[in-house]
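Report on the structure given below.
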Amino acid sequence: MTPDKPFSPACERNREPILAVLREAFADRKHVLEIGSGTGQHAVHFAAALPHLIWQTSDRAPYLPGIRQWLDEAALPNTPAPLLLDVNGPWPAIRADAVFTANTLHIMSQADGEALFAMLPAVLADDATLAIYGPFRYAGAHTSASNAAFDQALRADHPSRGIRDAEWLIELAAGIGLTCTADHAMPANNRCLIFRRTAP
């Protein structure tokens, strides 16, 4: 690993549990758009383990060089160059039958999250699958004391951040025709929500 190559210990810890969910959720998928690829670690791990998928990374401009380092080092045939994607800016012209995002919605503002869902129909195929990983609240309550402390730290860092309610995400997804079909318990008090849309 080069000295300036980004690295997330959390990605190393959670990649196998997430992969176990994606093996089933994305078994019949072909083209995944990852929103908020961060370091790029998840992308290379999942793309290597799921070679039937084209795994398209994307993120805001500051993160693209680090993602490129991970992709270039892995040299996988199913990871195209990362795309610039800011949820509040122009979205790339892409069509995907799956979207994956991990640990992004508590970093985004609520308005950013709403913008993300508003733009998803422009990139989702008719029979799309959406997978969202991260910490969530249920009925306004945290699932653990550690998540409550994490939420407090997020809001202290920036008042627009914070752990989101699963019900809010489910409502936003329903607004674009996606139904929550699975809610997987994950290590460290995280969840992985799977949404699907049936082709008309």
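Residue numbers start at 1 in each chain; chains themselves are named A, B, ... in the order of the structure tokens; ligands are numbered from 1 in the order shown.
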
Mind the document's chain letters and residue numbers, and return as an NGL selection string the residues of stretch 41-167 of chain A that DSSP labels strand (DSSP E or B). :A and (54-56 or 58-59 or 83-84 or 96-102 or 124-134 or 136-138 or 141 or 164-165)

If we count only C-alpha atoms and set the cut-off at 12 Å, which residues sit around A:Ala49, ignoring sequence neighbours fewer than 4 positions away in its own chain? Please answer as a PyMOL selection string. chain A and resi 15-16+18-20+22-23+26-27+42-45+53-55+76+78

Any chance you could tabulate, as a tab-separated table, the residues of stretch 15-100 of chain A at most 10 Å from stretch 178-190 of chain A with each one's nearest atom pair and distance in Å to one decimal, using only C-alpha atoms, in chain and rising number order?
```
residue	atom	partner	partner_atom	distance
A:Pro17	CA	A:Met186	CA	6.8
A:Ile18	CA	A:Met186	CA	7.8
A:Val21	CA	A:His184	CA	7.9
A:Ala25	CA	A:Ala182	CA	9.3
```

Just write the chosen residues, C-alpha atoms, as a PDB file, in the first residue's frame.
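New file part-v8.pdb:
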```
ATOM      1  CA  PRO A  17     -20.547  -9.400   6.401  1.00  0.00           C
ATOM      2  CA  ILE A  18     -21.690  -6.989   3.664  1.00  0.00           C
ATOM      3  CA  VAL A  21     -25.625 -10.047   1.968  1.00  0.00           C
ATOM      4  CA  ALA A  25     -29.088  -9.505  -3.112  1.00  0.00           C
TER       5      ALA A  25
END
```

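Neighbouring residues of A:Asp151 at 10 Å or closer, counting only C-alpha atoms and skipping chain neighbours under 2 positions away, are His106, Pro135, Phe136, Arg137, His142, Ala145, Ser146, Asn147, Ala148, Ala149, Ala153, Leu154, Arg155, Ala156, Asp157, Arg161, Gly162, Ile163 and Arg164 of chain A.
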
Determine which residues of stretch 10-151 of chain A receive a DSSP assignment of helix (DSSP H, G or I), computed from the backbone, and state them as a ChimeraX atom specification. /A:10-25,41-49,61-74,110-122,145-151

Figure out the distance between atom CA of A:Gln56 and atom CA of A:Ala111, please, to one decimal in Å. 24.4 Å

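The space between atom CA of A:Leu124 and atom CA of A:Ile94 spans 8.5 Å.
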
What lies within 12 Å of A:Thr79 using only C-alpha atoms, ignoring chain neighbours under 5 positions off, as a ChimeraX atom specification? /A:31-34,40-48,50-58,67-68,70-74

The selected residues should be written to file as a PDB file, in the first residue's frame (atoms: C-alpha atoms).
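What follows is the written file part.pdb:
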```pdb
ATOM      1  CA  HIS A  31     -24.222  -3.418 -13.272  1.00  0.00           C
ATOM      2  CA  VAL A  32     -23.820  -1.828  -9.820  1.00  0.00           C
ATOM      3  CA  LEU A  33     -23.412   1.881  -9.154  1.00  0.00           C
ATOM      4  CA  GLU A  34     -21.740   2.481  -5.797  1.00  0.00           C
ATOM      5  CA  GLY A  40     -12.425   2.325  -2.900  1.00  0.00           C
ATOM      6  CA  GLN A  41     -11.766  -0.648  -0.614  1.00  0.00           C
ATOM      7  CA  HIS A  42     -15.291  -2.010  -0.762  1.00  0.00           C
ATOM      8  CA  ALA A  43     -15.317  -1.765  -4.544  1.00  0.00           C
ATOM      9  CA  VAL A  44     -12.220  -3.877  -5.124  1.00  0.00           C
ATOM     10  CA  HIS A  45     -13.263  -6.470  -2.548  1.00  0.00           C
ATOM     11  CA  PHE A  46     -16.806  -6.872  -3.846  1.00  0.00           C
ATOM     12  CA  ALA A  47     -15.829  -6.724  -7.523  1.00  0.00           C
ATOM     13  CA  ALA A  48     -13.210  -9.447  -6.997  1.00  0.00           C
ATOM     14  CA  LEU A  50     -18.581 -11.005  -7.540  1.00  0.00           C
ATOM     15  CA  PRO A  51     -16.987 -11.100 -10.992  1.00  0.00           C
ATOM     16  CA  HIS A  52     -20.376 -11.272 -12.747  1.00  0.00           C
ATOM     17  CA  LEU A  53     -20.915  -7.610 -11.783  1.00  0.00           C
ATOM     18  CA  ILE A  54     -19.601  -4.441 -13.344  1.00  0.00           C
ATOM     19  CA  TRP A  55     -18.859  -2.420 -10.191  1.00  0.00           C
ATOM     20  CA  GLN A  56     -18.979   1.298 -10.972  1.00  0.00           C
ATOM     21  CA  THR A  57     -17.516   3.492  -8.246  1.00  0.00           C
ATOM     22  CA  SER A  58     -18.448   7.141  -7.753  1.00  0.00           C
ATOM     23  CA  ILE A  67     -10.370   5.353  -5.402  1.00  0.00           C
ATOM     24  CA  ARG A  68      -8.262   5.274  -8.561  1.00  0.00           C
ATOM     25  CA  TRP A  70      -7.241   1.100  -5.189  1.00  0.00           C
ATOM     26  CA  LEU A  71      -8.710   0.268  -8.611  1.00  0.00           C
ATOM     27  CA  ASP A  72      -5.380   0.577 -10.398  1.00  0.00           C
ATOM     28  CA  GLU A  73      -3.612  -1.625  -7.859  1.00  0.00           C
ATOM     29  CA  ALA A  74      -6.294  -4.324  -8.035  1.00  0.00           C
TER      30      ALA A  74
END
```

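Atom pair atom CA of A:Ile35 / atom CA of A:Arg191: separated by 17.1 Å.
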
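In this comparison, which uses only C-alpha atoms, the residue of A:Asn88, A:Thr198, A:Ser37, A:Gln110 approaching A:Pro65 most closely is A:Ser37.
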
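Taking only C-alpha atoms into account, A:Thr104 lies nearest to A:Asp59 out of the set A:Glu12, A:Asp59, A:Asp126, A:Asp4.
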
Which residue, A:Ser8, A:Ser160, A:Thr101, A:Thr143, has the smallest gap to A:Gly66 when you use only C-alpha atoms? A:Ser8

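Distances from A:Leu84, A:Met108, A:Leu193, A:Gly140 to A:Ile170 were compared using only C-alpha atoms, and the smallest one belongs to A:Leu193.
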
Which polymer residues have any atom within 10 Å of an atom of A:Pro92, counting only C-alpha atoms, with same-chain residues fewer than 2 positions away left out, as a VMD selection string? chain A and resid 58 83 to 86 89 to 90 94 to 95 122 to 123

Kindly export the residues of the current selection with N, CA, C and O atoms, as a compact mmCIF listing (two decimals), in the first residue's frame.
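Writing done, so here's result.txt:
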```
# COMPACT_ATOMS: atom_id res chain seq x y z
N SER A 58 -18.19 5.71 -7.56
CA SER A 58 -18.45 7.14 -7.75
C SER A 58 -18.29 7.85 -6.42
O SER A 58 -18.45 7.25 -5.36
N LEU A 83 -16.52 7.56 -11.26
CA LEU A 83 -17.27 8.68 -11.80
C LEU A 83 -17.44 9.77 -10.74
O LEU A 83 -17.57 9.48 -9.56
N LEU A 84 -17.44 11.01 -11.19
CA LEU A 84 -17.75 12.12 -10.31
C LEU A 84 -19.25 12.14 -10.04
O LEU A 84 -20.06 12.16 -10.97
N LEU A 85 -19.61 12.10 -8.76
CA LEU A 85 -21.03 12.14 -8.40
C LEU A 85 -21.18 12.87 -7.08
O LEU A 85 -20.71 12.40 -6.04
N ASP A 86 -21.81 14.01 -7.13
CA ASP A 86 -22.25 14.75 -5.95
C ASP A 86 -23.77 14.74 -6.00
O ASP A 86 -24.35 15.11 -7.03
N GLY A 89 -25.29 17.73 -7.46
CA GLY A 89 -24.82 18.21 -8.75
C GLY A 89 -25.35 17.37 -9.88
O GLY A 89 -26.20 16.49 -9.67
N PRO A 90 -24.87 17.60 -11.09
CA PRO A 90 -25.28 16.76 -12.22
C PRO A 90 -24.84 15.32 -12.01
O PRO A 90 -23.71 15.07 -11.58
N ILE A 94 -25.71 7.20 -16.62
CA ILE A 94 -25.45 5.77 -16.40
C ILE A 94 -26.77 5.09 -16.08
O ILE A 94 -27.70 5.72 -15.55
N ARG A 95 -26.87 3.83 -16.44
CA ARG A 95 -28.04 3.03 -16.09
C ARG A 95 -27.54 1.80 -15.36
O ARG A 95 -26.67 1.08 -15.85
N ALA A 122 -33.28 8.39 -12.21
CA ALA A 122 -32.55 8.70 -13.45
C ALA A 122 -31.50 7.65 -13.77
O ALA A 122 -31.08 7.53 -14.93
N VAL A 123 -31.06 6.89 -12.78
CA VAL A 123 -29.99 5.90 -13.01
C VAL A 123 -30.46 4.46 -12.82
O VAL A 123 -29.76 3.53 -13.24
```
